Amino acid sequence: MPDRATSRLTFILGGARSGKSAHAETLATASPSPWVYIATAQAYDDEMRERIALHRSRRGEGWVTVDAPLDLTGAIEASPDHQPVLIDCLTLWLTNHMLAEHDLEAECRRLADVLSRPRGPWFVVSNEVGLGIVPDNALARRFRDAAGRLNQQVAAVADSVLMMVAGLPLKVK
């Protein structure tokens, strides 16, 4: 059974290009390697391939990357005890499930349940999408609402919540 003092969930929120991922990587690498990076992105176009390549290039040796665009809970459950795990990011994972027309509420509950039992230092990245204007179409509003609910579920089980603003972490919880 992992030690609760070293088994903590840190939730890192922020807007686009706020420094969420880089900060999460810095926090994760404060623990000894190897570090597990669970990636939820899918490269559907050149721009997304470039973003994924940028993230990969920032990570040096010691990182083990696991691609989990849909089965995030399975990837988390398969991660070794006591190892730092960085999950990047929940909003892409949510998008993947929305596009696949899966039961979002069930998937989010399942994820929050797994995250409530960290077996090492875990770092979860998500976008805060509720700070802007109300989207003009039903799909975007559904996404914004689902992301807000998911973020609330994860924040509720997290030991620490950080909000990234212009590259600076603000402690929320």
# chains A, B, ... in the order shown; residues from 1 in each chain; ligands from 1
call {"tool": "residues_around", "arguments": {"residues": "region 47-61 of chain A", "least_positions_apart": "6", "cutoff": "12 Å", "atoms": "only C-alpha atoms", "output": "PyMOL selection string"}}
result
chain A and resi 17+19-26+28-29+33-41+67+86+88-89+92
call {"tool": "residues_around", "arguments": {"residues": "Pro169 (chain A)", "least_positions_apart": "6", "cutoff": "10 Å", "atoms": "only C-alpha atoms", "output": "PDB file with all heavy atoms, in the first residue's frame"}}
result
ATOM      1  N   ILE A  12      -3.802  20.656 -11.894  1.00  0.00           N
ATOM      2  CA  ILE A  12      -3.275  21.898 -12.456  1.00  0.00           C
ATOM      3  C   ILE A  12      -4.193  22.356 -13.582  1.00  0.00           C
ATOM      4  O   ILE A  12      -4.318  21.690 -14.612  1.00  0.00           O
ATOM      5  CB  ILE A  12      -1.838  21.690 -12.969  1.00  0.00           C
ATOM      6  CG1 ILE A  12      -0.955  21.199 -11.819  1.00  0.00           C
ATOM      7  CG2 ILE A  12      -1.286  22.968 -13.571  1.00  0.00           C
ATOM      8  CD1 ILE A  12      -0.002  20.133 -12.196  1.00  0.00           C
ATOM      9  N   LEU A  13      -4.829  23.498 -13.364  1.00  0.00           N
ATOM     10  CA  LEU A  13      -5.774  24.079 -14.318  1.00  0.00           C
ATOM     11  C   LEU A  13      -5.194  25.356 -14.918  1.00  0.00           C
ATOM     12  O   LEU A  13      -4.340  26.001 -14.316  1.00  0.00           O
ATOM     13  CB  LEU A  13      -7.068  24.480 -13.604  1.00  0.00           C
ATOM     14  CG  LEU A  13      -7.954  23.388 -13.071  1.00  0.00           C
ATOM     15  CD1 LEU A  13      -8.890  23.940 -12.015  1.00  0.00           C
ATOM     16  CD2 LEU A  13      -8.732  22.785 -14.209  1.00  0.00           C
ATOM     17  N   GLY A  14      -5.731  25.747 -16.050  1.00  0.00           N
ATOM     18  CA  GLY A  14      -5.343  27.021 -16.646  1.00  0.00           C
ATOM     19  C   GLY A  14      -5.886  27.121 -18.052  1.00  0.00           C
ATOM     20  O   GLY A  14      -6.455  26.166 -18.592  1.00  0.00           O
ATOM     21  N   SER A  18      -1.007  28.656 -20.799  1.00  0.00           N
ATOM     22  CA  SER A  18      -0.791  29.274 -19.486  1.00  0.00           C
ATOM     23  C   SER A  18       0.406  28.689 -18.746  1.00  0.00           C
ATOM     24  O   SER A  18       0.789  29.195 -17.700  1.00  0.00           O
ATOM     25  CB  SER A  18      -2.050  29.123 -18.618  1.00  0.00           C
ATOM     26  OG  SER A  18      -2.304  27.753 -18.368  1.00  0.00           O
ATOM     27  N   GLY A  19       0.993  27.613 -19.283  1.00  0.00           N
ATOM     28  CA  GLY A  19       2.137  26.982 -18.637  1.00  0.00           C
ATOM     29  C   GLY A  19       1.782  25.755 -17.813  1.00  0.00           C
ATOM     30  O   GLY A  19       2.599  25.276 -17.031  1.00  0.00           O
ATOM     31  N   LYS A  20       0.565  25.240 -18.006  1.00  0.00           N
ATOM     32  CA  LYS A  20       0.094  24.084 -17.224  1.00  0.00           C
ATOM     33  C   LYS A  20       1.016  22.886 -17.365  1.00  0.00           C
ATOM     34  O   LYS A  20       1.471  22.321 -16.370  1.00  0.00           O
ATOM     35  CB  LYS A  20      -1.312  23.652 -17.683  1.00  0.00           C
ATOM     36  CG  LYS A  20      -2.389  24.674 -17.605  1.00  0.00           C
ATOM     37  CD  LYS A  20      -3.701  24.130 -18.154  1.00  0.00           C
ATOM     38  CE  LYS A  20      -3.665  23.677 -19.587  1.00  0.00           C
ATOM     39  NZ  LYS A  20      -3.519  24.726 -20.589  1.00  0.00           N
ATOM     40  N   HIS A  23       4.645  23.321 -16.056  1.00  0.00           N
ATOM     41  CA  HIS A  23       4.684  23.342 -14.593  1.00  0.00           C
ATOM     42  C   HIS A  23       4.462  21.938 -14.029  1.00  0.00           C
ATOM     43  O   HIS A  23       5.148  21.522 -13.084  1.00  0.00           O
ATOM     44  CB  HIS A  23       3.662  24.322 -14.029  1.00  0.00           C
ATOM     45  CG  HIS A  23       3.813  24.541 -12.566  1.00  0.00           C
ATOM     46  ND1 HIS A  23       4.924  25.166 -12.020  1.00  0.00           N
ATOM     47  CD2 HIS A  23       3.034  24.174 -11.526  1.00  0.00           C
ATOM     48  CE1 HIS A  23       4.798  25.189 -10.702  1.00  0.00           C
ATOM     49  NE2 HIS A  23       3.672  24.591 -10.377  1.00  0.00           N
ATOM     50  N   VAL A 161      -4.749  21.967  -5.644  1.00  0.00           N
ATOM     51  CA  VAL A 161      -5.238  22.484  -6.920  1.00  0.00           C
ATOM     52  C   VAL A 161      -4.477  23.775  -7.207  1.00  0.00           C
ATOM     53  O   VAL A 161      -4.424  24.678  -6.359  1.00  0.00           O
ATOM     54  CB  VAL A 161      -6.762  22.758  -6.902  1.00  0.00           C
ATOM     55  CG1 VAL A 161      -7.218  23.355  -8.229  1.00  0.00           C
ATOM     56  CG2 VAL A 161      -7.534  21.485  -6.582  1.00  0.00           C
ATOM     57  N   LEU A 162      -3.883  23.852  -8.389  1.00  0.00           N
ATOM     58  CA  LEU A 162      -3.162  25.040  -8.827  1.00  0.00           C
ATOM     59  C   LEU A 162      -3.832  25.596 -10.072  1.00  0.00           C
ATOM     60  O   LEU A 162      -4.266  24.840 -10.939  1.00  0.00           O
ATOM     61  CB  LEU A 162      -1.705  24.700  -9.157  1.00  0.00           C
ATOM     62  CG  LEU A 162      -0.879  24.061  -8.056  1.00  0.00           C
ATOM     63  CD1 LEU A 162       0.492  23.669  -8.583  1.00  0.00           C
ATOM     64  CD2 LEU A 162      -0.757  25.008  -6.873  1.00  0.00           C
ATOM     65  N   MET A 163      -3.893  26.917 -10.158  1.00  0.00           N
ATOM     66  CA  MET A 163      -4.414  27.594 -11.345  1.00  0.00           C
ATOM     67  C   MET A 163      -3.255  28.351 -11.972  1.00  0.00           C
ATOM     68  O   MET A 163      -2.627  29.180 -11.301  1.00  0.00           O
ATOM     69  CB  MET A 163      -5.546  28.567 -10.947  1.00  0.00           C
ATOM     70  CG  MET A 163      -6.101  29.353 -12.086  1.00  0.00           C
ATOM     71  SD  MET A 163      -7.137  28.282 -13.111  1.00  0.00           S
ATOM     72  CE  MET A 163      -7.932  29.491 -14.115  1.00  0.00           C
TER      73      MET A 163
END
call {"tool": "residues_around", "arguments": {"residues": "Leu94 (chain A)", "least_positions_apart": "3", "cutoff": "10 Å", "atoms": "only C-alpha atoms", "output": "MDAnalysis selection string"}}
result
chainID A and resid 40 69:70 89:91 97:100 102 104 107:108 126 143 146:147 150
call {"tool": "write_last_selection", "arguments": {"atoms": "C-alpha atoms", "output": "short mmCIF file (atom, residue, chain, number, x, y, z; two decimals), in the first residue's frame"}}
result
data_model
loop_
_atom_site.label_atom_id
_atom_site.label_comp_id
_atom_site.auth_asym_id
_atom_site.auth_seq_id
_atom_site.Cartn_x
_atom_site.Cartn_y
_atom_site.Cartn_z
CA THR A 40 -4.60 11.89 -24.14
CA PRO A 69 -6.85 8.92 -25.72
CA LEU A 70 -9.85 6.98 -24.36
CA CYS A 89 -4.83 16.53 -20.38
CA LEU A 90 -8.39 15.95 -19.22
CA THR A 91 -10.06 18.26 -21.71
CA HIS A 97 -15.17 10.69 -25.46
CA MET A 98 -17.61 13.34 -26.70
CA LEU A 99 -16.65 12.68 -30.32
CA ALA A 100 -17.01 8.92 -29.74
CA HIS A 102 -19.64 7.77 -24.99
CA LEU A 104 -19.59 11.28 -20.38
CA GLU A 107 -16.59 8.03 -17.82
CA CYS A 108 -16.00 11.10 -15.63
CA SER A 126 -6.84 20.30 -17.47
CA PHE A 143 -18.29 20.61 -23.88
CA ALA A 146 -18.94 18.83 -19.15
CA ALA A 147 -15.40 20.16 -18.69
CA LEU A 150 -15.22 17.16 -14.64
#
call {"tool": "closest_residue", "arguments": {"among": "A:Val66, A:Val125, A:Ala43, A:Ala158", "to": "Ala78 (chain A)", "atoms": "only C-alpha atoms"}}
result
A:Val66
call {"tool": "closest_residue", "arguments": {"among": "A:Ala112, A:Ala30, A:Leu168, A:Val64", "to": "Val124 (chain A)", "atoms": "only C-alpha atoms"}}
result
A:Ala112
call {"tool": "atom_distance", "arguments": {"atom1": "CA of Trp93 (chain A)", "atom2": "CA of Asn127 (chain A)"}}
result
11.1 Å
call {"tool": "select_by_dssp", "arguments": {"residues": "chain A", "states": "helix (DSSP H, G or I)", "output": "short mmCIF file (atom, residue, chain, number, x, y, z; two decimals) with C-alpha atoms, in the first residue's frame"}}
result
data_model
loop_
_atom_site.label_atom_id
_atom_site.label_comp_id
_atom_site.auth_asym_id
_atom_site.auth_seq_id
_atom_site.Cartn_x
_atom_site.Cartn_y
_atom_site.Cartn_z
CA LYS A 20 0.09 24.08 -17.22
CA SER A 21 2.02 21.24 -18.82
CA ALA A 22 5.48 22.70 -18.25
CA HIS A 23 4.68 23.34 -14.59
CA ALA A 24 3.29 19.83 -14.17
CA GLU A 25 6.49 18.42 -15.69
CA THR A 26 8.58 20.47 -13.26
CA LEU A 27 6.55 19.19 -10.31
CA ALA A 28 6.74 15.58 -11.48
CA ASP A 46 -0.40 18.85 -38.67
CA GLU A 47 -0.92 21.52 -36.03
CA MET A 48 -1.76 18.90 -33.39
CA ARG A 49 1.20 16.76 -34.47
CA GLU A 50 3.42 19.81 -33.88
CA ARG A 51 1.94 20.38 -30.41
CA ILE A 52 2.53 16.74 -29.47
CA ALA A 53 6.10 16.92 -30.81
CA LEU A 54 6.76 20.06 -28.74
CA HIS A 55 5.55 18.36 -25.57
CA ARG A 56 7.67 15.27 -26.30
CA SER A 57 10.77 17.36 -27.04
CA ARG A 58 10.54 19.06 -23.61
CA LEU A 72 -7.32 6.89 -19.30
CA THR A 73 -8.55 5.05 -16.23
CA GLY A 74 -6.97 1.82 -17.48
CA ALA A 75 -3.66 3.59 -18.11
CA ILE A 76 -3.70 5.15 -14.64
CA GLU A 77 -4.57 1.83 -13.00
CA ALA A 78 -1.72 0.15 -14.92
CA LEU A 90 -8.39 15.95 -19.22
CA THR A 91 -10.06 18.26 -21.71
CA LEU A 92 -8.57 16.39 -24.68
CA TRP A 93 -9.66 13.12 -23.09
CA LEU A 94 -13.16 14.55 -22.62
CA THR A 95 -13.22 15.69 -26.27
CA ASN A 96 -12.25 12.18 -27.41
CA HIS A 97 -15.17 10.69 -25.46
CA MET A 98 -17.61 13.34 -26.70
CA LEU A 99 -16.65 12.68 -30.32
CA LEU A 104 -19.59 11.28 -20.38
CA GLU A 105 -21.05 11.19 -16.89
CA ALA A 106 -20.11 7.54 -16.41
CA GLU A 107 -16.59 8.03 -17.82
CA CYS A 108 -16.00 11.10 -15.63
CA ARG A 109 -17.25 9.33 -12.49
CA ARG A 110 -14.97 6.39 -13.25
CA LEU A 111 -12.00 8.70 -13.74
CA ALA A 112 -12.66 10.72 -10.56
CA ASP A 113 -12.93 7.46 -8.61
CA VAL A 114 -9.52 6.25 -9.85
CA LEU A 115 -7.95 9.67 -9.21
CA ALA A 138 -24.82 23.58 -28.54
CA LEU A 139 -21.79 21.27 -28.91
CA ALA A 140 -19.40 23.89 -27.54
CA ARG A 141 -21.74 24.65 -24.63
CA ARG A 142 -22.09 20.94 -23.89
CA PHE A 143 -18.29 20.61 -23.88
CA ARG A 144 -17.80 23.67 -21.66
CA ASP A 145 -20.37 22.38 -19.18
CA ALA A 146 -18.94 18.83 -19.15
CA ALA A 147 -15.40 20.16 -18.69
CA GLY A 148 -16.53 22.35 -15.80
CA ARG A 149 -18.24 19.42 -14.09
CA LEU A 150 -15.22 17.16 -14.64
CA ASN A 151 -12.86 19.79 -13.26
CA GLN A 152 -15.05 20.11 -10.17
CA GLN A 153 -15.04 16.35 -9.63
CA VAL A 154 -11.26 16.14 -9.89
CA ALA A 155 -10.69 19.23 -7.73
CA ALA A 156 -12.89 17.68 -5.04
CA VAL A 157 -10.63 14.61 -4.76
#
